[in-house]
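Asks: Enclosed is the structure file work23.cif (mmCIF, C-alpha atoms).
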```
data_start
#
loop_
_atom_site.label_atom_id
_atom_site.label_comp_id
_atom_site.auth_asym_id
_atom_site.auth_seq_id
_atom_site.Cartn_x
_atom_site.Cartn_y
_atom_site.Cartn_z
CA MET T 71 110.88 128.54 121.54
CA GLU T 72 109.69 130.00 124.83
CA SER T 73 111.94 129.65 127.81
CA GLY T 74 110.78 126.86 130.07
CA THR T 75 108.89 125.05 127.33
CA SER T 76 109.54 121.33 127.39
CA ILE T 77 111.10 120.25 124.13
CA ILE T 78 111.47 117.01 122.22
CA GLU T 79 114.30 116.21 119.87
CA TYR T 80 113.72 114.07 116.80
CA LEU T 81 115.96 112.73 114.06
CA ASP T 82 115.92 113.85 110.44
CA PRO T 83 114.28 111.19 108.24
CA VAL T 84 115.60 112.62 105.00
CA SER T 85 118.49 111.28 102.96
CA PRO T 86 121.68 113.31 103.38
CA ASN T 87 121.82 113.45 99.57
CA ARG T 88 118.97 115.96 99.49
CA ASP T 89 121.16 119.03 99.74
CA LYS T 90 123.97 117.73 97.56
CA LYS T 91 123.45 119.18 94.11
CA LEU T 92 125.91 118.57 91.31
CA TYR T 93 126.66 121.67 89.31
CA VAL T 94 128.65 121.81 86.09
CA PRO T 95 129.82 124.94 84.27
CA ALA T 96 127.20 126.52 82.03
CA VAL T 97 127.68 125.71 78.38
CA GLY T 98 127.47 129.39 77.42
CA ASP T 99 127.32 130.19 73.71
CA LEU T 100 125.63 127.42 71.70
CA ASN T 101 127.30 128.40 68.44
CA GLY T 102 128.71 125.25 66.79
CA LYS T 103 127.85 123.07 69.76
CA THR T 104 126.42 119.57 69.75
CA ILE T 105 123.25 119.25 71.77
CA GLY T 106 121.98 115.92 73.09
CA PHE T 107 118.29 115.19 73.53
CA LEU T 108 117.17 112.34 75.78
CA THR T 109 113.70 111.15 74.87
CA ASN T 110 111.61 108.64 76.77
CA GLY T 111 109.59 107.63 73.74
CA TRP T 112 106.45 109.71 73.93
CA SER T 113 104.90 110.65 70.62
CA SER T 114 104.42 114.22 71.77
CA TYR T 115 108.19 114.51 72.04
CA ASN T 116 108.47 114.25 68.26
CA LEU T 117 106.61 117.53 67.84
CA MET T 118 108.48 119.30 70.60
CA GLY T 119 111.86 117.89 69.66
CA GLU T 120 111.56 118.82 66.01
CA HIS T 121 110.52 122.34 66.95
CA ILE T 122 113.33 122.77 69.45
CA GLU T 123 115.89 121.50 66.95
CA LYS T 124 114.72 124.04 64.34
CA VAL T 125 114.93 126.85 66.87
CA LEU T 126 118.37 125.83 68.11
CA LYS T 127 119.70 125.66 64.56
CA ALA T 128 118.07 128.84 63.27
CA GLN T 129 118.60 131.08 66.27
CA PHE T 130 121.63 129.61 68.04
CA ASN T 131 123.52 128.02 65.16
CA ILE T 132 124.10 124.69 66.85
CA GLN T 133 126.08 122.17 64.85
CA GLU T 134 123.88 119.18 65.57
CA MET T 135 121.17 117.79 67.81
CA ARG T 136 121.63 114.12 68.66
CA ILE T 137 118.72 112.02 69.83
CA TYR T 138 119.22 109.41 72.55
CA PRO T 139 116.21 107.20 73.32
CA ILE T 140 115.67 105.91 76.84
CA PRO T 141 113.00 103.30 77.66
CA THR T 142 109.68 104.71 78.80
CA SER T 143 109.37 104.84 82.59
CA CYS T 144 112.92 103.61 83.07
CA ALA T 145 116.39 104.88 83.85
CA PRO T 146 118.80 105.27 80.92
CA ALA T 147 120.73 102.16 79.97
CA GLU T 148 124.04 101.57 81.71
CA GLY T 149 126.71 103.84 80.28
CA LEU T 150 124.37 105.97 78.19
CA LEU T 151 124.85 109.14 80.21
CA ASP T 152 128.63 108.80 79.97
CA LYS T 153 128.32 108.37 76.21
CA VAL T 154 126.14 111.48 75.99
CA ALA T 155 128.62 113.43 78.10
CA ASP T 156 131.41 112.39 75.74
CA GLU T 157 129.53 113.27 72.58
CA CYS T 158 127.63 116.43 73.49
CA ASP T 159 128.28 119.89 74.87
CA ALA T 160 124.85 120.20 76.47
CA VAL T 161 121.84 117.98 76.99
CA ILE T 162 118.10 118.44 77.12
CA VAL T 163 115.98 115.81 78.85
CA GLY T 164 112.81 115.35 76.83
CA MET T 165 110.07 113.97 79.03
CA ALA T 166 107.20 114.96 76.85
CA ASN T 167 104.39 113.31 78.75
CA MET O 204 125.48 94.15 119.10
CA GLU O 205 125.38 96.24 122.26
CA GLN O 206 122.91 99.08 122.38
CA SER O 207 125.69 101.56 123.04
CA GLU O 208 127.34 100.60 119.75
CA VAL O 209 124.10 101.29 117.91
CA ALA O 210 123.72 104.61 119.66
CA MET O 211 127.18 105.69 118.59
CA ASN O 212 126.27 105.24 114.96
CA LEU O 213 123.33 107.64 114.84
CA THR O 214 124.42 110.50 112.63
CA SER O 215 121.20 112.16 111.49
CA ALA O 216 120.60 115.84 112.13
CA LYS O 217 118.25 116.64 115.00
CA PHE O 218 115.30 118.96 115.20
CA GLN O 219 113.90 120.42 118.39
CA VAL O 220 110.26 121.24 118.86
CA ALA O 221 107.83 121.78 121.74
CA ASP O 222 107.09 118.46 123.36
CA ASN O 223 103.46 117.99 122.41
CA TRP O 224 101.86 115.95 119.65
CA GLU O 225 100.43 118.86 117.72
CA ALA O 226 103.73 120.74 117.61
CA VAL O 227 105.68 117.67 116.52
CA PHE O 228 103.21 116.83 113.78
CA ASP O 229 102.99 120.42 112.60
CA ASP O 230 106.76 120.69 112.45
CA MET O 231 107.27 117.43 110.59
CA TYR O 232 104.41 118.15 108.21
CA ARG O 233 105.77 121.63 107.49
CA ARG O 234 109.16 120.16 106.64
CA GLY O 235 107.57 117.72 104.20
CA PHE O 236 108.48 114.61 106.19
CA THR O 237 105.03 113.04 106.41
CA ASP O 238 102.36 111.50 104.22
CA GLY O 239 99.81 113.93 105.66
CA LEU O 240 98.89 111.71 108.60
CA PRO O 241 100.27 112.15 112.12
CA VAL O 242 103.58 110.42 112.80
CA ILE O 243 105.43 109.14 115.84
CA PRO O 244 108.42 111.39 116.61
CA PRO O 245 111.63 109.48 115.78
CA THR O 246 113.56 110.11 118.95
CA GLU O 247 117.01 108.65 119.42
CA ALA O 248 115.68 106.13 121.91
CA ALA O 249 112.94 104.93 119.57
CA VAL O 250 115.32 104.66 116.62
CA ARG O 251 117.84 102.74 118.73
CA SER O 252 115.12 100.28 119.74
CA MET O 253 114.25 99.74 116.10
CA LEU O 254 117.88 99.06 115.14
CA GLN O 255 118.35 96.84 118.16
CA ALA O 256 115.43 94.65 117.09
CA ALA O 257 117.26 93.77 113.88
CA LYS O 258 120.70 93.92 115.51
CA MET O 259 121.82 96.37 112.87
CA ASP O 260 124.34 99.14 112.86
CA GLY O 261 122.80 102.42 111.78
CA SER O 262 125.41 102.95 109.10
CA GLU O 263 124.64 99.73 107.23
CA LEU O 264 123.53 100.48 103.69
CA ILE O 265 120.34 98.61 102.82
CA GLY O 266 119.86 99.99 99.32
CA VAL O 267 119.78 103.09 97.19
CA LEU O 268 116.36 104.58 96.53
CA ALA O 269 115.31 106.38 93.37
CA PRO O 270 114.75 108.95 92.09
CA GLU O 271 117.22 110.87 94.22
CA GLY O 272 119.59 107.97 94.76
CA GLY O 273 119.20 108.36 98.49
CA PRO O 274 121.25 105.91 100.55
CA ALA O 275 118.82 103.92 102.67
CA THR O 276 120.98 103.28 105.71
CA ALA O 277 119.55 101.24 108.54
CA GLU O 278 119.38 104.45 110.57
CA LYS O 279 117.30 106.33 108.01
CA VAL O 280 115.02 103.35 107.49
CA ALA O 281 114.60 103.01 111.26
CA ILE O 282 113.70 106.68 111.60
CA ASN O 283 110.97 106.34 108.99
CA ALA O 284 109.75 103.08 110.51
CA VAL O 285 109.36 104.79 113.89
CA MET O 286 107.45 107.63 112.23
CA ALA O 287 105.13 105.13 110.53
CA GLY O 288 104.21 103.57 113.87
CA CYS O 289 106.10 100.28 113.48
CA ARG O 290 106.92 98.21 116.51
CA PRO O 291 110.62 97.23 116.65
CA GLU O 292 109.83 93.61 115.83
CA TYR O 293 108.43 94.72 112.47
CA PHE O 294 111.75 96.25 111.48
CA PRO O 295 113.29 93.18 109.76
CA VAL O 296 110.29 93.14 107.42
CA VAL O 297 110.77 96.82 106.58
CA ILE O 298 114.45 96.18 105.91
CA ALA O 299 113.60 93.31 103.54
CA ALA O 300 111.03 95.50 101.79
CA ILE O 301 113.65 98.18 101.20
CA ARG O 302 116.02 95.59 99.74
CA ALA O 303 113.22 94.38 97.48
CA VAL O 304 112.30 97.78 96.04
CA ALA O 305 115.96 98.73 95.62
CA ASP O 306 116.56 95.74 93.34
CA PRO O 307 117.13 97.30 89.89
CA LYS O 308 114.70 94.89 88.25
CA PHE O 309 111.89 96.46 90.27
CA ASN O 310 112.51 99.77 88.45
CA LEU O 311 111.82 102.02 91.42
CA LEU O 312 112.69 105.10 89.37
CA GLY O 313 109.80 104.49 87.01
CA ILE O 314 107.39 103.53 89.78
CA GLN O 315 108.21 106.55 91.91
CA THR O 316 108.00 109.16 89.16
CA THR O 317 105.39 107.94 86.69
CA THR O 318 102.06 109.65 86.05
CA ASN O 319 100.45 106.23 86.71
CA PRO O 320 99.01 105.76 90.23
CA VAL O 321 101.20 102.69 90.82
CA GLY O 322 102.83 101.89 94.15
CA PRO O 323 104.61 98.94 95.77
CA VAL O 324 102.42 96.11 97.08
CA LEU O 325 103.98 94.10 99.91
CA ILE O 326 103.11 90.43 100.44
CA ILE O 327 104.48 88.81 103.58
CA ASN O 328 105.04 85.07 103.78
CA GLY O 329 106.36 82.65 106.37
CA PRO O 330 106.28 82.30 110.16
CA ILE O 331 106.88 86.00 110.81
CA ARG O 332 103.26 86.68 109.82
CA LYS O 333 102.08 85.01 113.00
CA ALA O 334 104.89 86.40 115.14
CA ILE O 335 104.00 90.01 114.36
CA ASP O 336 100.27 89.51 113.74
CA VAL O 337 100.10 90.31 110.03
CA ASN O 338 96.54 90.01 108.80
CA SER O 339 96.18 87.57 105.94
CA GLY O 340 92.50 86.90 106.55
CA ARG O 341 89.31 88.91 106.42
CA GLY O 342 89.95 92.56 105.65
CA CYS O 343 93.66 92.03 105.07
CA LEU O 344 93.88 94.88 102.56
CA GLY O 345 91.94 97.25 104.79
CA PRO O 346 92.38 98.96 108.14
CA GLY O 347 92.65 97.49 111.62
CA TRP O 348 96.03 95.74 111.82
CA ARG O 349 99.02 97.67 113.03
CA SER O 350 101.60 95.49 111.25
CA ASN O 351 99.87 95.66 107.86
CA ALA O 352 99.27 99.39 108.17
CA THR O 353 102.62 100.50 109.50
CA ILE O 354 105.00 98.23 107.57
CA GLY O 355 103.49 99.41 104.31
CA ARG O 356 103.53 102.98 105.56
CA ALA O 357 107.16 102.73 106.65
CA LEU O 358 108.14 101.75 103.13
CA ARG O 359 106.15 104.66 101.73
CA LEU O 360 107.80 107.15 104.11
CA CYS O 361 111.22 105.80 103.10
CA LEU O 362 110.33 106.30 99.45
CA LEU O 363 109.30 109.87 100.27
CA ASN O 364 112.15 110.88 102.54
CA ILE O 365 115.06 108.74 101.36
CA GLY O 366 114.01 108.29 97.75
CA GLY O 367 113.15 111.98 97.58
CA CYS O 368 109.83 111.74 95.83
CA PRO O 369 107.20 114.14 97.17
CA PRO O 370 103.72 113.71 95.65
CA GLY O 371 102.94 116.42 93.14
CA ASP O 372 106.65 117.12 92.71
CA ALA O 373 108.94 114.24 91.70
CA ASP O 374 105.98 111.88 92.17
CA LYS O 375 104.00 112.77 89.05
CA ALA O 376 101.04 110.45 89.69
CA ILE O 377 98.04 112.14 88.09
CA HIS O 378 95.58 110.94 90.72
CA GLY O 379 97.64 108.74 93.02
CA MET O 380 95.76 106.06 94.92
CA PRO O 381 94.95 105.18 98.54
CA GLY O 382 97.43 102.28 98.39
CA LYS O 383 100.21 104.85 98.32
CA PHE O 384 99.65 105.35 102.04
CA SER O 385 100.18 101.65 102.71
CA PHE O 386 99.63 98.42 100.76
CA CYS O 387 100.74 95.40 102.74
CA PHE O 388 99.21 92.05 103.66
CA GLY O 389 100.12 88.46 104.42
CA GLU O 390 99.31 85.29 102.54
CA ALA O 391 96.86 82.90 104.25
CA GLU O 392 99.25 79.99 103.82
CA GLU O 393 97.52 77.73 106.32
CA GLU O 394 94.24 78.03 104.42
CA SER O 395 95.75 77.59 100.96
CA PRO O 396 95.76 74.28 99.08
CA TRP O 397 98.82 75.45 97.14
CA ASP O 398 102.43 76.34 97.87
CA PRO O 399 102.72 79.85 99.26
CA LEU O 400 104.19 82.59 97.10
CA HIS O 401 107.67 82.58 98.63
CA VAL O 402 107.96 78.81 98.17
CA GLU O 403 107.00 79.28 94.54
CA TYR O 404 109.96 81.68 94.31
CA GLY O 405 112.46 79.27 95.82
CA PHE O 406 112.29 79.84 99.57
CA ALA O 407 111.42 77.23 102.20
CA ARG O 408 108.15 77.23 104.10
CA HIS O 409 109.94 77.77 107.37
CA GLN O 410 111.58 80.91 106.03
CA SER O 411 109.93 84.32 105.98
CA ALA O 412 110.06 86.58 102.97
CA VAL O 413 108.56 89.74 101.63
CA THR O 414 107.54 90.09 98.02
CA VAL O 415 107.05 93.44 96.37
CA LEU O 416 105.29 94.06 93.09
CA ALA O 417 104.02 97.21 91.45
CA GLY O 418 100.23 97.51 91.62
CA GLN O 419 97.80 100.17 90.49
CA GLY O 420 95.03 99.67 93.02
CA THR O 421 92.35 97.05 93.53
CA GLN O 422 89.56 95.79 91.31
CA ASN O 423 86.97 93.64 93.04
CA LEU O 424 85.29 90.85 91.11
CA TYR O 425 82.22 89.24 92.60
CA ALA O 426 82.72 85.69 91.39
CA ALA O 427 80.19 83.61 93.28
CA PHE O 428 80.10 80.76 90.79
CA HIS O 429 80.66 77.18 91.86
CA ASP O 430 82.37 76.20 88.65
CA PRO O 431 86.07 77.04 88.12
CA GLU O 432 85.48 77.55 84.41
CA ALA O 433 82.88 80.25 85.12
CA ILE O 434 85.12 81.92 87.70
CA ILE O 435 88.08 81.98 85.33
CA THR O 436 85.89 83.45 82.60
CA MET O 437 84.70 86.27 84.83
CA LEU O 438 88.18 86.92 86.24
CA ALA O 439 89.82 87.02 82.81
CA ASP O 440 87.13 89.40 81.55
CA GLY O 441 87.85 91.67 84.49
CA MET O 442 91.58 91.60 83.81
CA ALA O 443 91.38 92.08 80.04
CA VAL O 444 91.17 95.87 80.10
CA TYR O 445 93.52 97.43 77.60
CA GLY O 446 93.57 100.74 79.47
CA ASN O 447 95.74 98.97 82.02
CA ASN O 448 99.39 99.98 81.66
CA GLY O 449 100.39 96.32 81.49
CA TYR O 450 99.23 96.17 77.89
CA LEU O 451 101.40 99.13 76.88
CA ARG O 452 104.61 97.15 77.33
CA ALA O 453 103.40 93.57 77.96
CA GLN O 454 105.41 93.69 81.16
CA GLY O 455 104.83 93.56 84.90
CA ASN O 456 103.06 91.22 87.29
CA PRO O 457 99.25 91.16 87.52
CA LEU O 458 98.21 90.05 91.02
CA VAL O 459 95.17 87.88 91.72
CA ILE O 460 94.13 87.45 95.34
CA PHE O 461 91.88 84.43 95.81
CA THR O 462 90.03 83.76 99.02
CA PRO O 463 90.74 80.39 100.67
CA GLY O 464 87.26 79.36 99.52
CA HIS O 465 87.97 80.06 95.87
CA ALA O 466 91.39 78.43 96.11
CA ARG O 467 89.89 75.23 97.53
CA LEU O 468 87.18 75.27 94.90
CA PHE O 469 89.84 75.32 92.19
CA ALA O 470 92.07 72.77 93.92
CA ASN O 471 89.20 70.36 94.50
CA ALA O 472 88.45 70.49 90.78
CA GLY O 473 92.09 69.69 89.99
CA TRP O 474 93.26 73.17 89.09
CA ASP O 475 96.68 74.24 90.29
CA LYS O 476 98.22 77.70 90.10
CA LYS O 477 100.09 76.83 86.92
CA ARG O 478 96.88 75.95 85.10
CA ILE O 479 95.07 79.04 86.36
CA LYS O 480 97.93 81.26 85.22
CA ALA O 481 98.01 79.64 81.80
CA GLU O 482 94.27 80.09 81.36
CA LEU O 483 94.38 83.72 82.47
CA PHE O 484 97.31 84.52 80.22
CA GLU O 485 95.54 83.12 77.17
CA ARG O 486 92.17 84.67 77.98
CA THR O 487 93.54 88.14 78.68
CA LYS O 488 95.03 88.45 75.19
CA ILE O 489 93.29 91.26 73.37
CA PRO O 490 93.13 91.42 69.57
CA ARG O 491 94.86 94.53 68.23
CA ALA O 492 91.72 95.25 66.23
CA LYS O 493 89.84 96.00 69.45
CA ILE O 494 92.12 98.90 70.37
CA PRO O 495 91.65 102.19 68.49
CA ARG O 496 94.41 103.09 66.07
CA ALA O 497 94.11 106.79 66.80
CA LEU O 498 97.28 108.70 67.71
CA GLN O 499 98.43 108.12 71.28
CA LEU O 500 100.79 110.23 73.35
CA SER O 501 102.91 107.19 74.08
CA LYS O 502 104.08 104.31 71.89
CA PRO O 503 102.71 100.98 73.10
CA VAL O 504 104.47 97.84 71.92
CA TYR O 505 101.33 96.84 70.02
CA LEU O 506 101.17 100.09 68.05
CA ASP O 507 102.07 98.56 64.71
CA TYR O 508 100.61 95.10 65.25
CA ASP O 509 98.20 93.98 62.56
CA ASP O 510 94.57 93.50 63.54
CA SER O 511 94.91 89.78 64.15
CA GLN O 512 97.85 90.04 66.54
CA SER O 513 97.30 89.74 70.27
CA CYS O 514 98.15 92.39 72.82
CA LEU O 515 99.47 90.90 76.06
CA LEU O 516 98.79 91.85 79.66
CA CYS O 517 102.23 90.61 80.77
CA PRO O 518 105.17 88.75 79.22
CA ASP O 519 104.09 85.21 80.04
CA ALA O 520 101.81 83.09 82.22
CA ASP O 521 104.41 82.80 84.98
CA SER O 522 104.37 86.57 85.44
CA ILE O 523 100.83 86.38 86.79
CA VAL O 524 100.94 86.24 90.60
CA ILE O 525 98.38 84.24 92.57
CA VAL O 526 98.09 84.69 96.32
CA VAL O 527 95.54 83.29 98.78
CA ALA O 528 94.29 85.79 101.35
CA GLY O 529 91.14 87.33 102.76
CA GLY O 530 87.99 85.97 104.37
CA PRO O 531 87.06 82.36 103.64
CA GLU O 532 84.00 82.81 101.43
CA PRO O 533 84.35 82.04 97.70
CA TYR O 534 82.67 85.31 96.70
CA HIS O 535 85.08 88.12 95.97
CA ILE O 536 88.37 88.10 94.08
CA THR O 537 90.71 91.06 94.27
CA TYR O 538 92.66 91.86 91.15
CA VAL O 539 95.60 94.28 91.32
CA PRO O 540 96.45 95.48 87.80
CA ASN O 541 100.11 95.59 86.86
CA PHE O 542 102.31 98.50 85.95
CA GLY O 543 104.43 97.93 82.85
CA THR O 544 108.15 98.23 83.25
CA THR O 545 108.87 96.34 86.45
CA GLU O 546 109.57 92.85 87.77
CA ILE O 547 108.46 91.29 91.02
CA SER O 548 111.10 91.05 93.75
CA THR O 549 111.18 88.67 96.75
CA VAL O 550 113.64 89.04 99.63
CA LEU O 551 114.31 86.84 102.65
CA ILE O 552 113.43 88.39 106.01
CA LYS O 553 116.35 87.97 108.37
CA GLU O 554 114.89 87.14 111.75
CA GLU O 555 117.11 87.27 114.81
#
```
What's the structure tokens form of this structure?
Replies:
Amino acid sequence: MESGTSIIEYLDPVSPNRDKKLYVPAVGDLNGKTIGFLTNGWSSYNLMGEHIEKVLKAQFNIQEMRIYPIPTSCAPAEGLLDKVADECDAVIVGMAN
Amino acid sequence: MEQSEVAMNLTSAKFQVADNWEAVFDDMYRRGFTDGLPVIPPTEAAVRSMLQAAKMDGSELIGVLAPEGGPATAEKVAINAVMAGCRPEYFPVVIAAIRAVADPKFNLLGIQTTTNPVGPVLIINGPIRKAIDVNSGRGCLGPGWRSNATIGRALRLCLLNIGGCPPGDADKAIHGMPGKFSFCFGEAEEESPWDPLHVEYGFARHQSAVTVLAGQGTQNLYAAFHDPEAIITMLADGMAVYGNNGYLRAQGNPLVIFTPGHARLFANAGWDKKRIKAELFERTKIPRAKIPRALQLSKPVYLDYDDSQSCLLCPDADSIVIVVAGGPEPYHITYVPNFGTTEISTVLIKEE
């Protein structure tokens, strides 16, 4: 800003959460791992999910892919994400719309 | 609370920019803080005035806004209210609106991030309408009234900046809609033959409240009949459109805005809101056979119904919302189609 220019100071309207990202360690090798798949109930997910499961099994030798439905246009039910975290090594969110 | 106490609680980061309107707007637009329209710079003094009007400490948590889970503190809400152009006396209404959308039953996450054009519709009831000049009469859904325009806009800016939902990014609305700039009006209680909306939901007439529901835009119906039966027939036909998201889940709250003229016409013929709702609920049922059975991307609740089963616009007759507002003539009815997974939310406005 040029010297002598009159300035105005304004407050940040954005939530302080914006820059807080939660990082977890990468899952690394998928061999023998259990993969969760959250689906919000779109028919197109069926095609994508089935394809992804085949690829993960054939090419990455995962042990299992578990499907967890969440209601369309809604947050997951209370406790679901904790359950998924307990049961899976990695998770894919399937929003197929 | 003393003003100095409020001032001590301001914790937001500050930005400096050349003190002229163009530079401020350019800077705030570039940072993604605006809705694309010019904003009022939220200076400390302006934000303090806003907080002072509601006698609130800036650190008070009003709600948590999806999708980012942003904490809507009084300070952050005040900053966005200043930007929107609110006068300080509007602030209690904005606070109540934030509480209303943060209620889990409203499903803000779905409303903020869906491909549907839906946005919150604010309906203001009670004495505060007069105190802050909320338009509930002619043109109440359109331009020209600072309170209508800026209260609705303040909520939208909070959803953008605190909820963290920029259009085209986390906000996946395919087309969006003009009501996502602002969608706020008052009920014409004095012209209505029926109890106002907030009284229907358990508040007293002398109290003020804001109701928020999820609406997809406006559909005008020119219903210039003299006979309630004919008006109901036309209105129900206009609402019974299975492309409306409401039919996908049989959830949500369809909103019907009657003019005072139409409301009196119904009341004089002995129709109350309960009867109108019951008639509309029955007449908006659509036989499954009418809807193609071709593959859809989503899975509506009616997918496997047999041909004779009825698809519903909303869960029950009580979910239909009737409000009286607009110019007096019994000509036009505004219908605001519902979004599926959401429930209406009404919150008391705390006036000091």
Asks: Mind pulling up the distance from atom CA of O:Pro369 to atom CA of T:Glu79?
Replies: 23.9 Å
Asks: I'd like to see the residues matched by the PyMOL selection byres ((chain T and resi 146) around 12) on this file, and ideally I'd get them as a ChimeraX atom specification.
Replies: /T:108-111,138-145,147-154,163 /O:310,312-313
Asks: Residues of chain T within 7 Å of chain O, using all atoms listed in the file, as a CSV table (one decimal) with C-alpha atoms, keeping the file's coordinate frame?
Replies:
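Saved to out-v4.csv:
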```csv
chain,number,residue,atom,x,y,z
T,75,THR,CA,108.9,125.0,127.3
T,76,SER,CA,109.5,121.3,127.4
T,77,ILE,CA,111.1,120.2,124.1
T,78,ILE,CA,111.5,117.0,122.2
T,79,GLU,CA,114.3,116.2,119.9
T,80,TYR,CA,113.7,114.1,116.8
T,81,LEU,CA,116.0,112.7,114.1
T,82,ASP,CA,115.9,113.8,110.4
T,83,PRO,CA,114.3,111.2,108.2
T,84,VAL,CA,115.6,112.6,105.0
T,85,SER,CA,118.5,111.3,103.0
T,87,ASN,CA,121.8,113.4,99.6
T,111,GLY,CA,109.6,107.6,73.7
T,112,TRP,CA,106.4,109.7,73.9
T,113,SER,CA,104.9,110.6,70.6
T,114,SER,CA,104.4,114.2,71.8
T,143,SER,CA,109.4,104.8,82.6
T,144,CYS,CA,112.9,103.6,83.1
T,145,ALA,CA,116.4,104.9,83.8
```
Asks: Can you measure atom CA of O:Pro463 to atom CA of O:Pro531 for me? One decimal in Å is fine.
Replies: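 Atom-to-atom, atom CA of O:Pro463 to atom CA of O:Pro531, that is 5.1 Å.
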Asks: On this structure, which residues satisfy the PyMOL selection byres ((chain O and resi 291) around 9), written as a PDB file with C-alpha atoms, keeping the file's coordinate frame?
Replies:
```pdb
ATOM      1  CA  ALA O 249     112.940 104.930 119.570  1.00  0.00           C
ATOM      2  CA  VAL O 250     115.320 104.660 116.620  1.00  0.00           C
ATOM      3  CA  SER O 252     115.120 100.280 119.740  1.00  0.00           C
ATOM      4  CA  MET O 253     114.250  99.740 116.100  1.00  0.00           C
ATOM      5  CA  LEU O 254     117.880  99.060 115.140  1.00  0.00           C
ATOM      6  CA  GLN O 255     118.350  96.840 118.160  1.00  0.00           C
ATOM      7  CA  ALA O 256     115.430  94.650 117.090  1.00  0.00           C
ATOM      8  CA  ALA O 257     117.260  93.770 113.880  1.00  0.00           C
ATOM      9  CA  ALA O 281     114.600 103.010 111.260  1.00  0.00           C
ATOM     10  CA  ALA O 284     109.750 103.080 110.510  1.00  0.00           C
ATOM     11  CA  VAL O 285     109.360 104.790 113.890  1.00  0.00           C
ATOM     12  CA  CYS O 289     106.100 100.280 113.480  1.00  0.00           C
ATOM     13  CA  ARG O 290     106.920  98.210 116.510  1.00  0.00           C
ATOM     14  CA  GLU O 292     109.830  93.610 115.830  1.00  0.00           C
ATOM     15  CA  TYR O 293     108.430  94.720 112.470  1.00  0.00           C
ATOM     16  CA  PHE O 294     111.750  96.250 111.480  1.00  0.00           C
ATOM     17  CA  PRO O 295     113.290  93.180 109.760  1.00  0.00           C
TER      18      PRO O 295
END
```
Asks: Got a moment to write stretch 436-450 of chain O out with C-alpha atoms, as an mmCIF file, in the first residue's frame?
Replies:
```cif
data_model
loop_
_atom_site.group_PDB
_atom_site.id
_atom_site.type_symbol
_atom_site.label_atom_id
_atom_site.label_comp_id
_atom_site.auth_asym_id
_atom_site.auth_seq_id
_atom_site.Cartn_x
_atom_site.Cartn_y
_atom_site.Cartn_z
ATOM 1 C CA THR O 436 -58.302 -26.895 -7.238
ATOM 2 C CA MET O 437 -55.977 -24.560 -9.115
ATOM 3 C CA LEU O 438 -53.518 -24.327 -6.219
ATOM 4 C CA ALA O 439 -53.345 -28.089 -5.728
ATOM 5 C CA ASP O 440 -52.809 -28.598 -9.463
ATOM 6 C CA GLY O 441 -49.927 -26.139 -9.317
ATOM 7 C CA MET O 442 -48.380 -27.932 -6.350
ATOM 8 C CA ALA O 443 -48.815 -31.478 -7.656
ATOM 9 C CA VAL O 444 -45.635 -31.562 -9.728
ATOM 10 C CA TYR O 445 -43.694 -34.741 -9.174
ATOM 11 C CA GLY O 446 -40.452 -33.164 -10.351
ATOM 12 C CA ASN O 447 -40.450 -31.307 -7.047
ATOM 13 C CA ASN O 448 -37.949 -32.821 -4.622
ATOM 14 C CA GLY O 449 -40.662 -33.095 -1.986
ATOM 15 C CA TYR O 450 -42.056 -36.154 -3.731
#
```
